[in-house]
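Shown next: target04.txt, given as compact mmCIF, N, CA and C atoms.
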# COMPACT_ATOMS: atom_id res chain seq x y z
N MET Z 1 -13.54 12.04 22.87
CA MET Z 1 -13.28 11.68 21.50
C MET Z 1 -12.60 12.86 20.80
N LYS Z 2 -11.63 12.54 19.95
CA LYS Z 2 -10.90 13.56 19.21
C LYS Z 2 -10.77 13.12 17.76
N ILE Z 3 -10.81 14.08 16.85
CA ILE Z 3 -10.64 13.81 15.43
C ILE Z 3 -9.36 14.48 14.96
N CYS Z 4 -8.52 13.71 14.26
CA CYS Z 4 -7.29 14.24 13.67
C CYS Z 4 -7.35 13.98 12.17
N CYS Z 5 -6.75 14.86 11.41
CA CYS Z 5 -6.76 14.65 9.97
C CYS Z 5 -5.39 14.92 9.38
N GLY Z 6 -5.18 14.42 8.18
CA GLY Z 6 -3.95 14.64 7.44
C GLY Z 6 -4.24 14.61 5.95
N THR Z 7 -3.53 15.41 5.20
CA THR Z 7 -3.69 15.47 3.75
C THR Z 7 -2.32 15.59 3.11
N ASP Z 8 -2.15 14.99 1.95
CA ASP Z 8 -0.91 15.14 1.21
C ASP Z 8 -1.19 15.04 -0.28
N ILE Z 9 -0.39 15.73 -1.06
CA ILE Z 9 -0.48 15.70 -2.52
C ILE Z 9 0.93 15.54 -3.08
N ILE Z 10 1.05 14.81 -4.16
CA ILE Z 10 2.37 14.58 -4.76
C ILE Z 10 2.24 14.56 -6.28
N GLU Z 11 3.31 14.99 -6.92
CA GLU Z 11 3.36 14.94 -8.38
C GLU Z 11 3.70 13.51 -8.82
N ILE Z 12 2.91 12.95 -9.69
CA ILE Z 12 3.12 11.58 -10.15
C ILE Z 12 4.44 11.47 -10.91
N GLU Z 13 4.79 12.47 -11.69
CA GLU Z 13 6.04 12.44 -12.46
C GLU Z 13 7.25 12.34 -11.52
N ARG Z 14 7.19 13.02 -10.40
CA ARG Z 14 8.29 12.96 -9.42
C ARG Z 14 8.45 11.54 -8.89
N MET Z 15 7.33 10.89 -8.60
CA MET Z 15 7.36 9.51 -8.12
C MET Z 15 7.92 8.59 -9.21
N LYS Z 16 7.48 8.78 -10.44
CA LYS Z 16 7.96 7.97 -11.56
C LYS Z 16 9.48 8.11 -11.72
N GLU Z 17 9.98 9.33 -11.64
CA GLU Z 17 11.42 9.56 -11.77
C GLU Z 17 12.20 8.84 -10.67
N ASN Z 18 11.70 8.88 -9.44
CA ASN Z 18 12.37 8.19 -8.32
C ASN Z 18 12.40 6.68 -8.53
N ILE Z 19 11.28 6.13 -8.98
CA ILE Z 19 11.18 4.68 -9.15
C ILE Z 19 12.03 4.21 -10.33
N GLU Z 20 12.05 4.98 -11.40
CA GLU Z 20 12.80 4.58 -12.60
C GLU Z 20 14.30 4.91 -12.53
N ASP Z 21 14.71 5.66 -11.53
CA ASP Z 21 16.13 6.01 -11.39
C ASP Z 21 16.96 4.73 -11.23
N SER Z 22 17.96 4.57 -12.08
CA SER Z 22 18.75 3.33 -12.09
C SER Z 22 19.57 3.15 -10.81
N ILE Z 23 19.85 4.22 -10.12
CA ILE Z 23 20.68 4.14 -8.91
C ILE Z 23 19.81 3.94 -7.66
N ILE Z 24 18.78 4.75 -7.50
CA ILE Z 24 17.99 4.69 -6.26
C ILE Z 24 16.65 3.98 -6.39
N GLY Z 25 16.19 3.72 -7.61
CA GLY Z 25 14.84 3.23 -7.84
C GLY Z 25 14.42 2.04 -7.01
N LYS Z 26 15.14 0.93 -7.12
CA LYS Z 26 14.76 -0.29 -6.39
C LYS Z 26 14.84 -0.10 -4.89
N ALA Z 27 15.90 0.56 -4.44
CA ALA Z 27 16.06 0.80 -3.00
C ALA Z 27 14.93 1.69 -2.48
N PHE Z 28 14.55 2.68 -3.26
CA PHE Z 28 13.46 3.58 -2.89
C PHE Z 28 12.17 2.79 -2.69
N VAL Z 29 11.82 1.98 -3.66
CA VAL Z 29 10.58 1.20 -3.58
C VAL Z 29 10.63 0.26 -2.38
N GLN Z 30 11.74 -0.43 -2.18
CA GLN Z 30 11.86 -1.39 -1.07
C GLN Z 30 11.83 -0.71 0.30
N ARG Z 31 12.30 0.53 0.37
CA ARG Z 31 12.32 1.26 1.65
C ARG Z 31 10.93 1.80 2.01
N ILE Z 32 10.15 2.16 1.00
CA ILE Z 32 8.87 2.85 1.24
C ILE Z 32 7.68 1.90 1.32
N TYR Z 33 7.64 0.91 0.44
CA TYR Z 33 6.43 0.11 0.24
C TYR Z 33 6.58 -1.33 0.74
N THR Z 34 5.47 -1.88 1.24
CA THR Z 34 5.43 -3.29 1.63
C THR Z 34 5.29 -4.14 0.37
N GLN Z 35 5.49 -5.43 0.51
CA GLN Z 35 5.35 -6.34 -0.64
C GLN Z 35 3.92 -6.32 -1.19
N LYS Z 36 2.92 -6.22 -0.33
CA LYS Z 36 1.52 -6.15 -0.79
C LYS Z 36 1.30 -4.88 -1.62
N GLU Z 37 1.86 -3.77 -1.16
CA GLU Z 37 1.70 -2.51 -1.89
C GLU Z 37 2.40 -2.57 -3.24
N ILE Z 38 3.59 -3.13 -3.27
CA ILE Z 38 4.33 -3.25 -4.53
C ILE Z 38 3.57 -4.13 -5.51
N ALA Z 39 3.08 -5.27 -5.04
CA ALA Z 39 2.33 -6.19 -5.92
C ALA Z 39 1.09 -5.49 -6.48
N TYR Z 40 0.38 -4.74 -5.63
CA TYR Z 40 -0.82 -4.04 -6.11
C TYR Z 40 -0.45 -3.01 -7.17
N CYS Z 41 0.53 -2.17 -6.89
CA CYS Z 41 0.90 -1.11 -7.83
C CYS Z 41 1.42 -1.69 -9.14
N GLU Z 42 2.25 -2.70 -9.07
CA GLU Z 42 2.80 -3.31 -10.28
C GLU Z 42 1.71 -3.96 -11.13
N SER Z 43 0.63 -4.41 -10.49
CA SER Z 43 -0.47 -5.03 -11.24
C SER Z 43 -1.24 -4.02 -12.09
N LYS Z 44 -1.01 -2.74 -11.85
CA LYS Z 44 -1.73 -1.68 -12.56
C LYS Z 44 -1.04 -1.27 -13.86
N LYS Z 45 0.04 -1.95 -14.21
CA LYS Z 45 0.78 -1.77 -15.47
C LYS Z 45 1.09 -0.31 -15.77
N ALA Z 46 0.50 0.27 -16.82
CA ALA Z 46 0.82 1.64 -17.26
C ALA Z 46 0.41 2.68 -16.23
N GLN Z 47 -0.52 2.36 -15.36
CA GLN Z 47 -1.00 3.30 -14.36
C GLN Z 47 -0.31 3.12 -13.00
N LYS Z 48 0.71 2.29 -12.95
CA LYS Z 48 1.31 1.95 -11.66
C LYS Z 48 1.87 3.16 -10.91
N TYR Z 49 2.39 4.14 -11.61
CA TYR Z 49 2.98 5.30 -10.93
C TYR Z 49 1.92 6.12 -10.21
N GLN Z 50 0.72 6.18 -10.74
CA GLN Z 50 -0.38 6.86 -10.05
C GLN Z 50 -0.67 6.17 -8.72
N HIS Z 51 -0.63 4.85 -8.72
CA HIS Z 51 -0.93 4.09 -7.51
C HIS Z 51 0.20 4.15 -6.49
N TYR Z 52 1.45 4.10 -6.98
CA TYR Z 52 2.58 4.31 -6.07
C TYR Z 52 2.48 5.70 -5.43
N ALA Z 53 2.19 6.71 -6.25
CA ALA Z 53 2.11 8.09 -5.74
C ALA Z 53 0.98 8.24 -4.73
N ALA Z 54 -0.17 7.64 -5.02
CA ALA Z 54 -1.32 7.74 -4.10
C ALA Z 54 -0.98 7.10 -2.76
N ARG Z 55 -0.29 5.96 -2.79
CA ARG Z 55 0.08 5.30 -1.54
C ARG Z 55 1.15 6.08 -0.79
N PHE Z 56 2.05 6.71 -1.51
CA PHE Z 56 3.05 7.56 -0.86
C PHE Z 56 2.34 8.73 -0.17
N ALA Z 57 1.42 9.38 -0.88
CA ALA Z 57 0.66 10.49 -0.29
C ALA Z 57 -0.13 10.01 0.92
N ALA Z 58 -0.67 8.80 0.84
CA ALA Z 58 -1.43 8.26 1.97
C ALA Z 58 -0.55 8.08 3.20
N LYS Z 59 0.64 7.55 3.01
CA LYS Z 59 1.56 7.37 4.13
C LYS Z 59 1.91 8.71 4.78
N GLU Z 60 2.13 9.72 3.95
CA GLU Z 60 2.42 11.06 4.47
C GLU Z 60 1.21 11.61 5.24
N ALA Z 61 0.01 11.46 4.67
CA ALA Z 61 -1.20 11.97 5.31
C ALA Z 61 -1.46 11.26 6.63
N ILE Z 62 -1.26 9.95 6.65
CA ILE Z 62 -1.47 9.17 7.87
C ILE Z 62 -0.47 9.60 8.94
N PHE Z 63 0.79 9.77 8.54
CA PHE Z 63 1.80 10.23 9.49
C PHE Z 63 1.40 11.57 10.09
N LYS Z 64 0.90 12.48 9.25
CA LYS Z 64 0.48 13.79 9.75
C LYS Z 64 -0.65 13.64 10.77
N ALA Z 65 -1.56 12.71 10.52
CA ALA Z 65 -2.70 12.52 11.42
C ALA Z 65 -2.29 11.86 12.73
N ILE Z 66 -1.34 10.92 12.69
CA ILE Z 66 -0.98 10.20 13.93
C ILE Z 66 0.22 10.79 14.64
N SER Z 67 0.91 11.73 14.04
CA SER Z 67 2.16 12.23 14.62
C SER Z 67 1.98 12.79 16.03
N GLY Z 68 0.84 13.36 16.32
CA GLY Z 68 0.59 13.88 17.67
C GLY Z 68 0.45 12.79 18.71
N GLN Z 69 0.23 11.56 18.28
CA GLN Z 69 0.07 10.43 19.19
C GLN Z 69 1.38 9.67 19.41
N LEU Z 70 2.40 10.01 18.63
CA LEU Z 70 3.69 9.32 18.73
C LEU Z 70 4.59 10.00 19.76
N GLU Z 71 5.32 9.19 20.52
CA GLU Z 71 6.28 9.76 21.47
C GLU Z 71 7.45 10.39 20.73
N ASP Z 72 7.85 9.75 19.64
CA ASP Z 72 9.00 10.19 18.87
C ASP Z 72 8.70 9.97 17.39
N LYS Z 73 8.81 11.00 16.58
CA LYS Z 73 8.47 10.85 15.16
C LYS Z 73 9.41 9.89 14.43
N PHE Z 74 10.55 9.58 15.03
CA PHE Z 74 11.48 8.64 14.42
C PHE Z 74 11.20 7.20 14.83
N SER Z 75 10.15 7.00 15.62
CA SER Z 75 9.79 5.65 16.05
C SER Z 75 8.94 4.92 15.01
N ILE Z 76 8.70 5.55 13.90
CA ILE Z 76 7.87 4.98 12.85
C ILE Z 76 8.64 5.01 11.53
N ASN Z 77 8.44 3.97 10.71
CA ASN Z 77 9.07 4.01 9.40
C ASN Z 77 8.00 3.81 8.32
N TRP Z 78 8.41 3.96 7.08
CA TRP Z 78 7.46 3.93 5.96
C TRP Z 78 6.63 2.67 5.91
N LYS Z 79 7.24 1.53 6.15
CA LYS Z 79 6.54 0.25 6.04
C LYS Z 79 5.64 -0.04 7.23
N ASP Z 80 5.72 0.76 8.27
CA ASP Z 80 4.79 0.59 9.41
C ASP Z 80 3.37 1.00 9.01
N ILE Z 81 3.26 1.76 7.95
CA ILE Z 81 1.96 2.18 7.42
C ILE Z 81 1.76 1.46 6.09
N GLU Z 82 0.76 0.59 6.04
CA GLU Z 82 0.49 -0.16 4.82
C GLU Z 82 -0.90 0.21 4.30
N VAL Z 83 -0.97 0.53 3.02
CA VAL Z 83 -2.25 0.87 2.39
C VAL Z 83 -2.63 -0.28 1.48
N VAL Z 84 -3.76 -0.91 1.80
CA VAL Z 84 -4.29 -2.02 1.00
C VAL Z 84 -5.74 -1.70 0.65
N ASN Z 85 -6.36 -2.56 -0.11
CA ASN Z 85 -7.76 -2.37 -0.46
C ASN Z 85 -8.60 -3.44 0.21
N ASN Z 86 -9.80 -3.06 0.65
CA ASN Z 86 -10.69 -4.04 1.24
C ASN Z 86 -11.41 -4.81 0.12
N GLU Z 87 -12.35 -5.65 0.49
CA GLU Z 87 -13.06 -6.49 -0.47
C GLU Z 87 -13.81 -5.69 -1.53
N GLN Z 88 -14.23 -4.49 -1.19
CA GLN Z 88 -14.95 -3.64 -2.13
C GLN Z 88 -14.01 -2.74 -2.95
N GLY Z 89 -12.71 -2.85 -2.73
CA GLY Z 89 -11.74 -2.05 -3.46
C GLY Z 89 -11.43 -0.71 -2.81
N ARG Z 90 -12.01 -0.44 -1.66
CA ARG Z 90 -11.78 0.82 -0.94
C ARG Z 90 -10.46 0.73 -0.18
N PRO Z 91 -9.64 1.79 -0.24
CA PRO Z 91 -8.37 1.74 0.48
C PRO Z 91 -8.57 1.71 2.00
N LYS Z 92 -7.72 0.95 2.66
CA LYS Z 92 -7.74 0.89 4.12
C LYS Z 92 -6.31 0.87 4.62
N VAL Z 93 -6.14 1.14 5.89
CA VAL Z 93 -4.82 1.29 6.50
C VAL Z 93 -4.56 0.15 7.46
N ASN Z 94 -3.38 -0.45 7.33
CA ASN Z 94 -2.88 -1.38 8.33
C ASN Z 94 -1.68 -0.71 8.99
N LEU Z 95 -1.74 -0.56 10.31
CA LEU Z 95 -0.60 -0.02 11.05
C LEU Z 95 0.16 -1.20 11.63
N LYS Z 96 1.42 -1.31 11.27
CA LYS Z 96 2.24 -2.45 11.68
C LYS Z 96 3.30 -1.98 12.67
N GLY Z 97 3.34 -2.61 13.82
CA GLY Z 97 4.37 -2.28 14.79
C GLY Z 97 4.16 -0.93 15.47
N ILE Z 98 2.98 -0.37 15.32
CA ILE Z 98 2.66 0.90 15.94
C ILE Z 98 1.58 0.63 16.98
N ASP Z 99 1.87 0.89 18.23
CA ASP Z 99 0.94 0.61 19.31
C ASP Z 99 0.21 1.88 19.71
N LEU Z 100 -0.86 2.17 18.99
CA LEU Z 100 -1.69 3.35 19.29
C LEU Z 100 -3.08 2.85 19.68
N LYS Z 101 -3.22 2.54 20.96
CA LYS Z 101 -4.46 1.94 21.45
C LYS Z 101 -5.65 2.89 21.41
N ASN Z 102 -5.40 4.17 21.32
CA ASN Z 102 -6.50 5.14 21.36
C ASN Z 102 -7.11 5.42 19.99
N ILE Z 103 -6.64 4.75 18.93
CA ILE Z 103 -7.24 4.93 17.60
C ILE Z 103 -8.47 4.03 17.51
N GLU Z 104 -9.62 4.64 17.30
CA GLU Z 104 -10.85 3.87 17.15
C GLU Z 104 -11.11 3.54 15.68
N ASP Z 105 -10.81 4.49 14.78
CA ASP Z 105 -11.09 4.26 13.37
C ASP Z 105 -10.20 5.17 12.51
N ILE Z 106 -9.87 4.69 11.31
CA ILE Z 106 -9.12 5.46 10.34
C ILE Z 106 -9.88 5.42 9.02
N ASP Z 107 -10.17 6.57 8.48
CA ASP Z 107 -10.84 6.65 7.18
C ASP Z 107 -9.88 7.29 6.19
N LEU Z 108 -9.67 6.64 5.06
CA LEU Z 108 -8.70 7.08 4.07
C LEU Z 108 -9.36 7.24 2.71
N SER Z 109 -9.03 8.32 2.04
CA SER Z 109 -9.50 8.55 0.68
C SER Z 109 -8.31 8.88 -0.21
N LEU Z 110 -8.23 8.22 -1.36
CA LEU Z 110 -7.16 8.44 -2.33
C LEU Z 110 -7.77 8.89 -3.65
N SER Z 111 -7.03 9.73 -4.35
CA SER Z 111 -7.47 10.14 -5.69
C SER Z 111 -6.24 10.49 -6.50
N HIS Z 112 -6.36 10.33 -7.82
CA HIS Z 112 -5.25 10.72 -8.70
C HIS Z 112 -5.79 11.07 -10.07
N CYS Z 113 -5.02 11.88 -10.75
CA CYS Z 113 -5.30 12.24 -12.14
C CYS Z 113 -3.98 12.10 -12.89
N LYS Z 114 -3.85 12.69 -14.02
CA LYS Z 114 -2.64 12.52 -14.83
C LYS Z 114 -1.39 13.07 -14.13
N LYS Z 115 -1.51 14.19 -13.42
CA LYS Z 115 -0.33 14.85 -12.86
C LYS Z 115 -0.16 14.67 -11.35
N TYR Z 116 -1.24 14.50 -10.61
CA TYR Z 116 -1.15 14.51 -9.15
C TYR Z 116 -1.90 13.33 -8.52
N ALA Z 117 -1.42 12.97 -7.33
CA ALA Z 117 -2.12 12.02 -6.47
C ALA Z 117 -2.31 12.71 -5.12
N VAL Z 118 -3.45 12.47 -4.52
CA VAL Z 118 -3.77 13.11 -3.24
C VAL Z 118 -4.36 12.08 -2.29
N ALA Z 119 -4.10 12.27 -1.02
CA ALA Z 119 -4.66 11.40 0.01
C ALA Z 119 -5.15 12.26 1.16
N SER Z 120 -6.25 11.82 1.73
CA SER Z 120 -6.82 12.49 2.88
C SER Z 120 -7.20 11.41 3.90
N VAL Z 121 -6.86 11.67 5.15
CA VAL Z 121 -7.15 10.70 6.20
C VAL Z 121 -7.80 11.40 7.38
N VAL Z 122 -8.77 10.73 7.98
CA VAL Z 122 -9.42 11.20 9.20
C VAL Z 122 -9.27 10.09 10.24
N LEU Z 123 -8.81 10.48 11.40
CA LEU Z 123 -8.53 9.56 12.48
C LEU Z 123 -9.47 9.87 13.64
N LEU Z 124 -10.13 8.85 14.16
CA LEU Z 124 -11.01 9.00 15.31
C LEU Z 124 -10.31 8.40 16.52
N LEU Z 125 -10.05 9.25 17.52
CA LEU Z 125 -9.36 8.83 18.74
C LEU Z 125 -10.35 8.78 19.91
N VAL Z 126 -10.13 7.84 20.80
CA VAL Z 126 -10.97 7.76 22.01
C VAL Z 126 -10.18 8.20 23.21

Would it be possible to restate this file's structure as structure tokens?
Amino acid sequence: MKICCGTDIIEIERMKENIEDSIIGKAFVQRIYTQKEIAYCESKKAQKYQHYAARFAAKEAIFKAISGQLEDKFSINWKDIEVVNNEQGRPKVNLKGIDLKNIEDIDLSLSHCKKYAVASVVLLLV
């Protein structure tokens, strides 16, 4: 058994600027987030940028944790990692199109405040 971890932090204002940019905004959101993630973040109205940022940080943290298991770091894209909430509202990870049979469990924690969003992930490998 092996444990891998990943952490990432991002400035919420930076995420907001990318999303609101009239030239790259829509393309950025469509390239990074799944439809479920977009629907969730948009439902948060004034707080949506915190949720977009937290999910972006989560994708980065997850990539850091699984990168040692990938044959090629370019074999994965942003939408292959989906962050959703379970029935209790706790964030969970769906890996799409990634065949990592040795992952037994993924634990994800997200947090945000006015300026920053942070994600931490722990991966249990068999």

Taking a cut-off of 6 Å and counting only C-alpha atoms, can you build a table that, for each residue of segment 48-100 of chain Z near segment 9-18 of chain Z, reports the nearest atom pair and how far apart they are in Å (one decimal), sorted by chain then residue number, as a tab-separated table?
residue	atom	partner	partner_atom	distance
Z:Tyr49	CA	Z:Lys16	CA	5.7
Z:Gln50	CA	Z:Ile12	CA	5.9
Z:Ala53	CA	Z:Ile12	CA	5.7
Z:Ala57	CA	Z:Ile9	CA	5.8

DSSP-assigned helix (DSSP H, G or I) members of chain Z, reported as a VMD selection string:
chain Z and resid 12 to 20 25 to 32 35 to 42 45 to 69 73 to 75 78 to 80

Residue nearest Pro91 of chain Z - candidates Z:Ile32, Z:Ile62, Z:Leu110, Z:Ile76, atoms counted: all atoms listed in the file
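The shortest atom-to-atom distance to Pro91 of chain Z comes from Z:Leu110.
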
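Across the structure, atom C of Ile38 of chain Z and atom C of His51 of chain Z are spaced 9.0 Å apart.
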
Could you list, as a list in words, every residue within 8 Å of Ser75 of chain Z, counting only N, CA and C atoms and ignoring same-chain residues fewer than 4 positions away?
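Surrounding residues, per the criterion: Leu70, Glu71, Gly97 and Ile98 of chain Z.
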
Between atom CA of Leu95 of chain Z and atom CA of Ala119 of chain Z, measure the distance and give it in Å to one decimal.
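Calculated distance between atom CA of Leu95 of chain Z and atom CA of Ala119 of chain Z is 16.4 Å.
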
Give me, as JSON, numbers by chain, all polymer residues having an atom no more than 8 Å from Ala65 of chain Z, counting only C-alpha atoms and skipping those fewer than 2 positions away in the same chain.
{"Z": [4, 5, 6, 61, 62, 63, 67, 68, 121, 122, 123]}
